[in-house]
file input.txt (compact mmCIF, C-alpha atoms)
# COMPACT_ATOMS: atom_id res chain seq x y z
CA MET A 113 3.61 9.45 3.76
CA ASN A 114 1.83 12.20 5.63
CA VAL A 115 0.01 15.25 4.36
CA SER A 116 3.04 17.57 4.36
CA LEU A 117 5.16 15.13 2.35
CA TYR A 118 2.18 14.54 0.05
CA VAL A 119 1.81 18.27 -0.62
CA TRP A 120 5.55 18.79 -1.13
CA GLN A 121 5.77 15.90 -3.58
CA ARG A 122 2.74 17.07 -5.58
CA ALA A 123 3.96 20.67 -5.54
CA ALA A 124 7.35 19.56 -6.86
CA ALA A 125 5.55 17.61 -9.60
CA VAL A 126 3.51 20.70 -10.55
CA VAL A 127 6.73 22.70 -10.86
CA MET A 128 8.43 19.98 -12.90
CA ALA A 129 5.60 19.18 -15.33
CA PRO A 130 6.01 22.26 -17.60
CA MET A 131 9.79 22.10 -17.12
CA VAL A 132 9.87 18.55 -18.51
CA VAL A 133 8.00 19.79 -21.59
CA VAL A 134 10.54 22.62 -22.09
CA HIS A 135 13.43 20.20 -21.46
CA VAL A 136 12.14 17.70 -24.04
CA ALA A 137 11.48 20.51 -26.53
CA VAL A 138 15.07 21.71 -26.10
CA ILE A 139 16.37 18.17 -26.70
CA PHE A 140 14.30 17.91 -29.90
CA TYR A 141 15.49 21.33 -31.04
CA ALA A 142 19.13 20.50 -30.36
CA THR A 143 19.03 17.14 -32.13
CA ARG A 144 16.96 18.29 -35.14
CA HIS A 145 19.26 21.25 -35.70
CA GLY A 146 22.39 19.16 -35.31
CA LEU A 147 23.83 21.22 -32.47
CA THR A 148 27.17 20.00 -31.17
CA ALA A 149 28.17 20.02 -27.52
CA GLY A 150 30.20 23.12 -28.29
CA ASP A 151 27.17 24.85 -29.84
CA ILE A 152 25.07 24.06 -26.80
CA LEU A 153 27.70 25.18 -24.31
CA ALA A 154 28.15 28.39 -26.28
CA ARG A 155 24.46 29.16 -25.66
CA THR A 156 24.31 28.07 -22.02
CA LYS A 157 27.58 29.43 -20.63
CA GLY A 158 26.88 32.60 -18.74
CA ASN A 159 23.14 32.37 -19.41
CA ILE A 160 21.36 33.21 -16.15
CA ALA A 161 17.95 32.15 -17.45
CA TRP A 162 19.04 28.61 -18.33
CA GLY A 163 21.00 28.40 -15.09
CA ALA A 164 17.96 29.41 -13.02
CA PHE A 165 15.67 27.11 -15.03
CA TYR A 166 17.79 24.00 -14.52
CA ALA A 167 18.69 24.87 -10.90
CA LEU A 168 14.96 24.99 -10.10
CA PHE A 169 14.45 21.78 -12.09
CA ALA A 170 17.20 20.03 -10.08
CA ALA A 171 15.73 21.27 -6.79
CA ALA A 172 12.19 20.13 -7.66
CA ALA A 173 13.44 16.74 -8.88
CA SER A 174 15.47 16.24 -5.69
CA ILE A 175 12.44 16.95 -3.48
CA HIS A 176 10.10 14.81 -5.59
CA ALA A 177 12.46 11.85 -5.87
CA ALA A 178 13.57 11.93 -2.24
CA ILE A 179 9.97 11.71 -0.99
CA GLY A 180 9.29 8.85 -3.39
CA ILE A 181 12.43 7.02 -2.29
CA ARG A 182 11.41 7.54 1.34
CA ASN A 183 8.09 5.86 0.61
CA ILE A 184 9.75 2.92 -1.15
CA LEU A 185 12.25 2.44 1.68
CA ALA A 186 9.51 2.61 4.34
CA GLU A 187 7.37 0.03 2.55
CA TRP A 188 9.90 -2.29 0.96
CA SER A 189 13.00 -2.21 3.16
CA PRO A 190 13.56 -3.11 6.81
CA LEU A 191 13.65 0.65 7.57
CA ASN A 192 10.48 2.05 9.07
CA ASP A 193 9.20 5.62 8.63
CA ARG A 194 11.80 7.03 11.03
CA GLY A 195 14.74 5.24 9.42
CA ALA A 196 13.59 5.95 5.87
CA GLY A 197 13.35 9.72 6.50
CA PRO A 198 17.07 10.40 7.13
CA ALA A 199 18.13 7.98 4.37
CA ALA A 200 15.86 9.69 1.85
CA PHE A 201 17.02 13.13 3.03
CA ILE A 202 20.66 12.17 2.36
CA PHE A 203 19.62 10.83 -1.06
CA GLY A 204 17.85 14.12 -1.83
CA VAL A 205 20.86 16.22 -0.78
CA VAL A 206 23.23 14.10 -2.91
CA LEU A 207 20.84 14.34 -5.87
CA LEU A 208 20.58 18.11 -5.46
CA GLY A 209 24.38 18.41 -5.21
CA LEU A 210 24.91 16.38 -8.38
CA GLY A 211 22.19 18.30 -10.20
CA LEU A 212 23.52 21.72 -9.26
CA ARG A 213 27.06 20.63 -10.12
CA ALA A 214 25.89 19.70 -13.60
CA VAL A 215 23.98 22.98 -13.95
CA ALA A 216 27.07 24.90 -12.85
CA ALA A 217 29.23 23.00 -15.37
CA VAL A 218 27.11 24.06 -18.35
CA THR A 219 26.00 27.53 -17.30
CA LEU A 220 28.82 29.15 -15.31
CA PRO A 221 31.12 31.16 -17.59
CA MET B 68 -20.93 -34.72 -15.60
CA THR B 69 -18.92 -34.80 -12.37
CA THR B 70 -20.92 -35.07 -9.16
CA GLU B 71 -18.08 -34.29 -6.76
CA LEU B 72 -16.25 -31.06 -6.05
CA GLN B 73 -12.58 -31.31 -5.12
CA VAL B 74 -11.98 -28.89 -2.27
CA SER B 75 -8.64 -27.90 -0.77
CA LEU B 76 -8.99 -26.27 2.65
CA TRP B 77 -6.27 -24.54 4.68
CA ARG B 78 -5.58 -26.28 7.99
CA GLY B 79 -3.41 -24.79 10.70
CA THR B 80 -2.52 -21.26 11.70
CA GLN B 81 0.04 -18.97 10.03
CA THR B 82 1.82 -22.18 9.12
CA GLY B 83 -0.08 -25.21 7.97
CA HIS B 84 -1.11 -27.11 4.88
CA TYR B 85 -4.01 -27.67 2.50
CA GLN B 86 -6.23 -30.69 3.11
CA ALA B 87 -8.25 -32.22 0.28
CA PHE B 88 -11.93 -33.13 0.57
CA SER B 89 -14.56 -34.38 -1.84
CA VAL B 90 -17.89 -32.61 -1.52
CA PRO B 91 -21.10 -33.44 -3.43
CA LEU B 92 -21.64 -30.91 -6.19
CA ARG B 93 -25.10 -29.38 -6.11
CA GLU B 94 -26.92 -27.25 -8.62
CA ASN B 95 -27.28 -24.28 -6.30
CA GLN B 96 -24.42 -24.15 -3.82
CA THR B 97 -22.38 -21.39 -2.22
CA VAL B 98 -18.76 -21.63 -1.11
CA LEU B 99 -20.00 -21.33 2.48
CA ASP B 100 -22.27 -24.33 1.86
CA VAL B 101 -19.19 -26.31 0.82
CA VAL B 102 -17.20 -25.36 3.93
CA THR B 103 -20.21 -26.09 6.13
CA PHE B 104 -20.64 -29.51 4.49
CA VAL B 105 -17.03 -30.39 5.29
CA GLN B 106 -17.39 -29.27 8.91
CA ARG B 107 -20.70 -31.09 9.45
CA HIS B 108 -20.06 -34.30 7.53
CA LEU B 109 -16.35 -34.83 6.98
CA ASP B 110 -14.26 -33.14 9.67
CA PRO B 111 -15.93 -31.47 12.67
CA SER B 112 -12.58 -30.03 13.81
CA LEU B 113 -12.59 -27.54 10.89
CA SER B 114 -12.78 -23.95 12.16
CA TYR B 115 -14.42 -21.14 10.21
CA ARG B 116 -16.69 -18.18 10.88
CA PHE B 117 -20.13 -17.25 9.65
CA ALA B 118 -23.37 -15.83 11.03
CA CYS B 119 -26.14 -14.51 8.79
CA ARG B 120 -25.51 -16.49 5.56
CA VAL B 121 -27.19 -13.75 3.51
CA GLY B 122 -24.46 -11.14 2.93
CA VAL B 123 -25.25 -8.80 5.80
CA CYS B 124 -22.97 -9.61 8.73
CA GLY B 125 -19.58 -9.68 6.96
CA SER B 126 -18.32 -12.68 8.95
CA CYS B 127 -17.62 -15.32 6.34
CA ALA B 128 -15.02 -13.78 4.02
CA MET B 129 -12.24 -16.14 2.90
CA THR B 130 -9.76 -16.45 0.07
CA VAL B 131 -11.37 -18.54 -2.68
CA ASN B 132 -9.16 -19.67 -5.56
CA GLY B 133 -6.79 -16.80 -4.76
CA ARG B 134 -9.33 -13.97 -4.42
CA PRO B 135 -10.91 -12.58 -1.26
CA ARG B 136 -14.68 -13.14 -1.36
CA TRP B 137 -17.78 -13.22 0.83
CA THR B 138 -18.40 -16.95 0.77
CA CYS B 139 -22.13 -16.88 1.60
CA ARG B 140 -22.95 -14.99 -1.60
CA THR B 141 -20.36 -16.62 -3.84
CA HIS B 142 -21.77 -19.46 -5.91
CA VAL B 143 -19.51 -22.42 -6.56
CA SER B 144 -20.57 -22.48 -10.21
CA ARG B 145 -19.06 -19.00 -10.63
CA VAL B 146 -15.66 -19.62 -9.04
CA ALA B 147 -14.80 -23.33 -9.29
CA ARG B 148 -12.08 -24.12 -11.83
CA ASN B 149 -12.33 -27.59 -13.36
CA GLY B 150 -14.41 -28.74 -10.41
CA ARG B 151 -11.82 -27.53 -7.89
CA LEU B 152 -11.87 -24.97 -5.10
CA GLN B 153 -8.97 -23.83 -2.95
CA ILE B 154 -10.11 -22.03 0.19
CA SER B 155 -7.80 -20.31 2.66
CA PRO B 156 -8.16 -17.62 5.33
CA LEU B 157 -8.15 -13.93 4.35
CA GLU B 158 -4.73 -12.46 3.56
CA ASN B 159 -3.35 -9.65 5.75
CA PHE B 160 -5.04 -11.04 8.88
CA PRO B 161 -3.47 -13.26 11.56
CA VAL B 162 -4.93 -16.76 11.37
CA ILE B 163 -6.54 -18.11 14.54
CA LYS B 164 -7.17 -21.57 13.13
CA ASP B 165 -7.96 -23.00 9.71
CA LEU B 166 -10.25 -20.49 7.95
CA ALA B 167 -10.93 -18.22 10.95
CA THR B 168 -8.87 -15.03 11.16
CA ASP B 169 -8.28 -12.62 14.02
CA MET B 170 -10.07 -9.41 13.03
CA SER B 171 -9.30 -7.45 16.20
CA GLY B 172 -6.47 -5.46 14.54
CA PHE B 173 -8.83 -4.61 11.67
CA PHE B 174 -11.41 -3.13 14.04
CA GLU B 175 -8.73 -1.37 16.07
CA LYS B 176 -7.87 0.48 12.88
CA TRP B 177 -11.49 1.62 12.61
CA ARG B 178 -11.11 3.03 16.11
CA ASP B 179 -7.69 4.57 15.28
CA ALA B 180 -9.19 6.24 12.17
CA ARG B 181 -11.75 7.81 14.53
CA GLY B 182 -14.54 5.81 12.99
CA ALA B 183 -16.88 6.52 15.90
CA PHE B 184 -19.58 9.17 15.50
CA VAL B 185 -19.00 12.24 17.71
CA PRO B 186 -22.43 13.68 18.57
CA THR B 187 -22.99 17.42 18.78
CA LYS B 188 -26.60 17.45 19.98
CA THR B 189 -28.61 16.10 22.88
CA ARG B 190 -31.94 14.30 22.74
CA ARG B 191 -33.62 17.59 23.58
CA ASP B 192 -32.35 19.27 20.40
CA ASP B 193 -34.22 19.16 17.11
CA ILE B 194 -33.19 16.58 14.54
CA GLU B 195 -30.64 17.97 12.09
CA PRO B 196 -32.23 18.28 8.66
CA ILE B 197 -30.03 16.69 5.97
CA PRO B 198 -31.13 17.35 2.38
CA PRO B 199 -31.02 13.95 0.62
CA GLN B 200 -29.49 15.47 -2.51
CA SER B 201 -26.81 17.51 -0.75
CA GLN B 202 -23.24 16.81 -1.87
CA ALA B 203 -22.19 15.61 1.59
CA ARG B 204 -25.18 13.27 1.97
CA LEU B 205 -24.58 11.76 -1.49
CA ALA B 206 -20.88 11.23 -0.70
CA ALA B 207 -21.72 9.55 2.62
CA SER B 208 -24.44 7.42 1.03
CA ALA B 209 -22.04 6.15 -1.63
CA ALA B 210 -19.74 4.74 1.06
CA ILE B 211 -22.07 3.85 3.92
CA GLU B 212 -23.08 0.27 3.07
CA CYS B 213 -19.85 -1.34 4.28
CA ILE B 214 -20.47 -4.64 6.11
CA ASN B 215 -16.97 -4.84 7.70
CA CYS B 216 -16.17 -8.11 5.94
CA GLY B 217 -12.44 -7.31 5.58
CA VAL B 218 -12.30 -8.24 1.88
CA CYS B 219 -10.83 -4.85 0.89
CA HIS B 220 -8.28 -5.06 3.73
CA ALA B 221 -7.23 -8.51 2.50
CA ALA B 222 -6.97 -7.31 -1.11
CA CYS B 223 -4.89 -4.19 -0.34
CA ASP B 224 -1.19 -4.19 -1.25
CA THR B 225 -0.48 -1.19 0.98
CA VAL B 226 -1.93 -3.02 4.01
CA ARG B 227 0.45 -5.87 3.18
CA TRP B 228 3.49 -3.55 2.97
CA ASN B 229 2.76 -1.01 5.69
CA GLU B 230 1.58 -2.27 9.06
CA ASN B 231 0.73 1.27 10.17
CA TYR B 232 -1.66 1.84 7.27
CA LEU B 233 -5.23 2.26 8.49
CA GLY B 234 -6.59 0.42 5.46
CA PRO B 235 -9.43 1.00 2.99
CA ALA B 236 -12.31 -0.04 5.26
CA ALA B 237 -11.37 2.22 8.17
CA LEU B 238 -10.68 5.16 5.85
CA ASN B 239 -13.93 4.56 3.97
CA ARG B 240 -15.75 4.71 7.32
CA ALA B 241 -13.94 7.93 8.21
CA TRP B 242 -15.03 9.45 4.88
CA THR B 243 -18.69 8.83 5.72
CA LEU B 244 -18.22 10.71 9.00
CA VAL B 245 -16.28 13.54 7.36
CA ASN B 246 -19.43 14.04 5.27
CA ASP B 247 -21.80 13.78 8.23
CA ILE B 248 -22.76 17.35 9.13
CA ARG B 249 -23.95 16.18 12.57
CA ASP B 250 -20.49 14.93 13.56
CA GLY B 251 -18.25 17.07 15.75
CA GLY B 252 -14.97 15.15 15.56
CA ASN B 253 -13.68 16.13 12.16
CA ARG B 254 -10.67 18.22 13.14
CA GLU B 255 -9.18 15.36 15.16
CA ARG B 256 -10.29 12.84 12.53
CA LEU B 257 -8.64 14.72 9.67
CA GLU B 258 -5.51 15.24 11.75
CA THR B 259 -5.25 11.50 12.42
CA ILE B 260 -5.96 10.58 8.81
CA ALA B 261 -3.44 13.12 7.49
CA ALA B 262 -0.62 11.59 9.54
CA SER B 263 1.68 8.77 8.50
CA GLY B 264 -0.29 5.57 7.90
CA GLY B 265 -3.40 7.53 6.91
CA CYS B 266 -4.99 8.29 3.57
CA HIS B 267 -1.79 9.54 1.93
CA ALA B 268 -0.23 6.07 2.21
CA CYS B 269 -2.77 4.77 -0.33
CA HIS B 270 -1.28 4.04 -3.78
CA SER B 271 -4.70 3.99 -5.49
CA HIS B 272 -4.20 0.44 -6.78
CA GLN B 273 -8.00 0.09 -6.49
CA SER B 274 -7.94 -3.54 -5.37
CA CYS B 275 -10.42 -2.56 -2.65
CA GLN B 276 -13.07 -1.42 -5.09
CA GLU B 277 -12.28 -4.33 -7.43
CA HIS B 278 -13.03 -6.89 -4.71
CA CYS B 279 -15.63 -5.15 -2.51
CA PRO B 280 -18.68 -7.43 -2.46
CA GLN B 281 -20.92 -4.42 -1.82
CA ALA B 282 -19.54 -2.68 -4.93
CA LEU B 283 -18.30 0.23 -2.83
CA ASN B 284 -15.31 2.30 -3.92
CA PRO B 285 -13.00 2.91 -0.94
CA THR B 286 -10.35 4.29 -3.32
CA ALA B 287 -12.74 7.15 -4.16
CA SER B 288 -13.40 7.71 -0.44
CA ILE B 289 -9.65 7.84 0.23
CA ALA B 290 -9.19 10.27 -2.68
CA GLY B 291 -11.83 12.46 -1.02
CA LEU B 292 -9.91 12.27 2.25
CA LYS B 293 -6.69 13.24 0.47
CA ARG B 294 -8.40 16.36 -0.86
CA ARG B 295 -9.98 17.26 2.47
CA THR B 296 -6.83 16.74 4.53
CA THR B 297 -4.74 18.69 2.01
CA GLN B 298 -7.18 21.62 2.10
CA ALA B 299 -7.31 21.51 5.90
CA TRP B 300 -3.51 21.41 6.18
CA LEU B 301 -2.98 24.27 3.71
CA ARG B 302 -5.56 26.37 5.59
CA GLY B 303 -3.89 25.60 8.91
CA GLU B 304 -7.00 23.85 10.25
CA ILE B 305 -5.02 20.77 11.17
CA GLY B 306 -1.72 21.18 12.84
CA ALA B 307 1.69 19.76 13.47
CA ARG B 308 0.47 16.32 14.55
CA ALA B 309 -0.69 15.66 11.00
CA GLY B 310 2.91 15.84 9.83
CA LYS B 311 4.33 13.47 12.43
CA THR B 312 5.53 10.01 11.63
CA LYS B 313 4.93 6.82 13.53
CA ALA B 314 7.77 4.55 14.54

call {"tool": "encode", "arguments": {"input": "input.txt", "output": "structure tokens"}}
result
Amino acid sequence: MNVSLYVWQRAAAVVMAPMVVVHVAVIFYATRHGLTAGDILARTKGNIAWGAFYALFAAAASIHAAIGIRNILAEWSPLNDRGAGPAAFIFGVVLLGLGLRAVAAVTLP
Amino acid sequence: MTTELQVSLWRGTQTGHYQAFSVPLRENQTVLDVVTFVQRHLDPSLSYRFACRVGVCGSCAMTVNGRPRWTCRTHVSRVARNGRLQISPLENFPVIKDLATDMSGFFEKWRDARGAFVPTKTRRDDIEPIPPQSQARLAASAAIECINCGVCHAACDTVRWNENYLGPAALNRAWTLVNDIRDGGNRERLETIAASGGCHACHSHQSCQEHCPQALNPTASIAGLKRRTTQAWLRGEIGARAGKTKA
């Protein structure tokens, strides 16, 4: 971990912190009001705001998690800093791809 | 009441075994007294290191019943369990022989963390006035009394996992210099410390401050370095080298 990775990981956490609160609030709202999957999709399909919100969430989570995974690999696996970097980058790209795919599935009309 | 202490001492190098000794139990006895008794009366081939015997030189640290400690200021009555002591060399250091470790890598990390003062004045200049209550002086004073014993280095999980990590003692030293207004080496120092293996590798487990015999808090010093390096990086005061990784 160097200073640039440190700042990127903290910055991603700062972005995510309020988003997690909104995300949890939405889950509570949906469950307490008995919304079905169809009800939820009816509200998210074509909604640019929810699409942008969760796309940003997926991007921040991918950056945050990839840097954390890089640290774990560098310290706990036979990979050193140089080997852990590319492995964590691939992990981050895959995570971002999966996240955006899910966002697209619930928000694209 | 038992009059003998059962002592298990590490013999060998990285590989070896524990050897049992019986040492007379005394009312006022340090762990270093016990090791010295064994070496002088029971087995003169035992190797260990000490110098001042009064908690100043930082030479005699060992692992005592599983915890790193300065043995000259650790009383047997405080650490013996059921009349038993197990003493081994410090963790995270190569073992030279028995209880003596090779501390050269530890001091090389002090050098690598740019732990040497970089003067900015000559003997012909006036002495720099430093207000005793200034924030920088107070921060330096809080960290300055390190005796280089290696206890924090032995207690640190990150040192164990990451061979490039500079370690709590070297970073604590760097923090004192970062707060020394007379020092002229801070740009290079912060750049080194901001790189891989520097302060950002610390997980803040706080084992260093838990075990430090001088009651210092290297975790707090490292947190200070994290803030300083982050500010310097965001302001562009330290450059690309700070973002590089070591092999």

call {"tool": "interface_residues", "arguments": {"input": "input.txt", "of": "chain A", "to": "chain B", "cutoff": "12 Å", "atoms": "only C-alpha atoms", "output": "PyMOL selection string"}}
result
chain A and resi 113-123+180+182-197

call {"tool": "write_last_selection", "arguments": {"input": "input.txt", "atoms": "C-alpha atoms", "output": "short mmCIF file (atom, residue, chain, number, x, y, z; two decimals), in the coordinates of the input"}}
result
data_model
loop_
_atom_site.label_atom_id
_atom_site.label_comp_id
_atom_site.auth_asym_id
_atom_site.auth_seq_id
_atom_site.Cartn_x
_atom_site.Cartn_y
_atom_site.Cartn_z
CA MET A 113 3.61 9.45 3.76
CA ASN A 114 1.83 12.20 5.63
CA VAL A 115 0.01 15.25 4.36
CA SER A 116 3.04 17.57 4.36
CA LEU A 117 5.16 15.13 2.35
CA TYR A 118 2.18 14.54 0.05
CA VAL A 119 1.81 18.27 -0.62
CA TRP A 120 5.55 18.79 -1.13
CA GLN A 121 5.77 15.90 -3.58
CA ARG A 122 2.74 17.07 -5.58
CA ALA A 123 3.96 20.67 -5.54
CA GLY A 180 9.29 8.85 -3.39
CA ARG A 182 11.41 7.54 1.34
CA ASN A 183 8.09 5.86 0.61
CA ILE A 184 9.75 2.92 -1.15
CA LEU A 185 12.25 2.44 1.68
CA ALA A 186 9.51 2.61 4.34
CA GLU A 187 7.37 0.03 2.55
CA TRP A 188 9.90 -2.29 0.96
CA SER A 189 13.00 -2.21 3.16
CA PRO A 190 13.56 -3.11 6.81
CA LEU A 191 13.65 0.65 7.57
CA ASN A 192 10.48 2.05 9.07
CA ASP A 193 9.20 5.62 8.63
CA ARG A 194 11.80 7.03 11.03
CA GLY A 195 14.74 5.24 9.42
CA ALA A 196 13.59 5.95 5.87
CA GLY A 197 13.35 9.72 6.50
#

call {"tool": "atom_distance", "arguments": {"input": "input.txt", "atom1": "atom CA of Phe184 of chain B", "atom2": "atom CA of Asp247 of chain B"}}
result
8.9 Å

call {"tool": "residues_around", "arguments": {"input": "input.txt", "residues": "segment 160-164 of chain A", "least_positions_apart": "2", "cutoff": "10 Å", "atoms": "only C-alpha atoms", "output": "PyMOL selection string"}}
result
chain A and resi 155-158+166-170+212+215-220

call {"tool": "atom_distance", "arguments": {"input": "input.txt", "atom1": "atom CA of Arg134 of chain B", "atom2": "atom CA of Cys213 of chain B"}}
result
18.6 Å

call {"tool": "closest_residue", "arguments": {"input": "input.txt", "among": "A:Pro221, A:Ile179, A:His145, A:Ala200", "to": "Asn159 of chain A", "atoms": "all atoms listed in the file"}}
result
A:Pro221

call {"tool": "residues_around", "arguments": {"input": "input.txt", "residues": "Ser126 of chain B", "least_positions_apart": "5", "cutoff": "7 Å", "atoms": "all atoms listed in the file", "output": "ChimeraX atom specification"}}
result
/B:116-118,216

call {"tool": "write_last_selection", "arguments": {"input": "input.txt", "atoms": "C-alpha atoms", "output": "PDB file, in the frame of the given file"}}
result
ATOM      1  CA  ARG B 116     -16.690 -18.180  10.880  1.00  0.00           C
ATOM      2  CA  PHE B 117     -20.130 -17.250   9.650  1.00  0.00           C
ATOM      3  CA  ALA B 118     -23.370 -15.830  11.030  1.00  0.00           C
ATOM      4  CA  CYS B 216     -16.170  -8.110   5.940  1.00  0.00           C
TER       5      CYS B 216
END

call {"tool": "atom_distance", "arguments": {"input": "input.txt", "atom1": "atom CA of Ala128 of chain B", "atom2": "atom CA of Arg240 of chain B"}}
result
18.8 Å

call {"tool": "residues_around", "arguments": {"input": "input.txt", "residues": "Asn132 of chain B", "least_positions_apart": "6", "cutoff": "10 Å", "atoms": "all atoms listed in the file", "output": "PyMOL selection string"}}
result
chain B and resi 75+146-148+151-155

call {"tool": "closest_residue", "arguments": {"input": "input.txt", "among": "B:Thr70, B:Gln96, B:Ala210, B:Ala241", "to": "Asn253 of chain B", "atoms": "only C-alpha atoms"}}
result
B:Ala241

call {"tool": "residues_around", "arguments": {"input": "input.txt", "residues": "segment 171-177 of chain B", "least_positions_apart": "3", "cutoff": "10 Å", "atoms": "only C-alpha atoms", "output": "MDAnalysis selection string"}}
result
chainID B and resid 159:161 168 180:183 215:217 220 231:241

call {"tool": "build_atoms", "arguments": {"input": "input.txt", "residues": "segment 103-115 of chain B", "atoms": "N, CA and C atoms", "output": "PDB file, in the coordinates of the input"}}
result
ATOM      1  N   THR B 103     -19.313 -25.575   5.092  1.00  0.00           N
ATOM      2  CA  THR B 103     -20.210 -26.090   6.130  1.00  0.00           C
ATOM      3  C   THR B 103     -20.405 -27.602   5.967  1.00  0.00           C
ATOM      4  N   PHE B 104     -20.499 -28.070   4.725  1.00  0.00           N
ATOM      5  CA  PHE B 104     -20.640 -29.510   4.490  1.00  0.00           C
ATOM      6  C   PHE B 104     -19.427 -30.255   5.045  1.00  0.00           C
ATOM      7  N   VAL B 105     -18.246 -29.732   4.788  1.00  0.00           N
ATOM      8  CA  VAL B 105     -17.030 -30.390   5.290  1.00  0.00           C
ATOM      9  C   VAL B 105     -17.059 -30.447   6.813  1.00  0.00           C
ATOM     10  N   GLN B 106     -17.429 -29.332   7.440  1.00  0.00           N
ATOM     11  CA  GLN B 106     -17.390 -29.270   8.910  1.00  0.00           C
ATOM     12  C   GLN B 106     -18.451 -30.196   9.519  1.00  0.00           C
ATOM     13  N   ARG B 107     -19.611 -30.303   8.868  1.00  0.00           N
ATOM     14  CA  ARG B 107     -20.700 -31.090   9.450  1.00  0.00           C
ATOM     15  C   ARG B 107     -20.624 -32.572   9.109  1.00  0.00           C
ATOM     16  N   HIS B 108     -20.017 -32.907   7.976  1.00  0.00           N
ATOM     17  CA  HIS B 108     -20.060 -34.300   7.530  1.00  0.00           C
ATOM     18  C   HIS B 108     -18.707 -34.981   7.403  1.00  0.00           C
ATOM     19  N   LEU B 109     -17.635 -34.193   7.257  1.00  0.00           N
ATOM     20  CA  LEU B 109     -16.350 -34.830   6.980  1.00  0.00           C
ATOM     21  C   LEU B 109     -15.312 -34.607   8.076  1.00  0.00           C
ATOM     22  N   ASP B 110     -15.267 -33.422   8.642  1.00  0.00           N
ATOM     23  CA  ASP B 110     -14.260 -33.140   9.670  1.00  0.00           C
ATOM     24  C   ASP B 110     -14.772 -32.059  10.623  1.00  0.00           C
ATOM     25  N   PRO B 111     -15.343 -32.454  11.750  1.00  0.00           N
ATOM     26  CA  PRO B 111     -15.930 -31.470  12.670  1.00  0.00           C
ATOM     27  C   PRO B 111     -14.893 -30.561  13.337  1.00  0.00           C
ATOM     28  N   SER B 112     -13.594 -30.886  13.176  1.00  0.00           N
ATOM     29  CA  SER B 112     -12.580 -30.030  13.810  1.00  0.00           C
ATOM     30  C   SER B 112     -12.255 -28.793  12.951  1.00  0.00           C
ATOM     31  N   LEU B 113     -12.850 -28.694  11.756  1.00  0.00           N
ATOM     32  CA  LEU B 113     -12.590 -27.540  10.890  1.00  0.00           C
ATOM     33  C   LEU B 113     -13.159 -26.269  11.525  1.00  0.00           C
ATOM     34  N   SER B 114     -12.322 -25.225  11.590  1.00  0.00           N
ATOM     35  CA  SER B 114     -12.780 -23.950  12.160  1.00  0.00           C
ATOM     36  C   SER B 114     -13.007 -22.931  11.057  1.00  0.00           C
ATOM     37  N   TYR B 115     -14.127 -22.248  11.119  1.00  0.00           N
ATOM     38  CA  TYR B 115     -14.420 -21.140  10.210  1.00  0.00           C
ATOM     39  C   TYR B 115     -15.459 -20.255  10.874  1.00  0.00           C
TER      40      TYR B 115
END
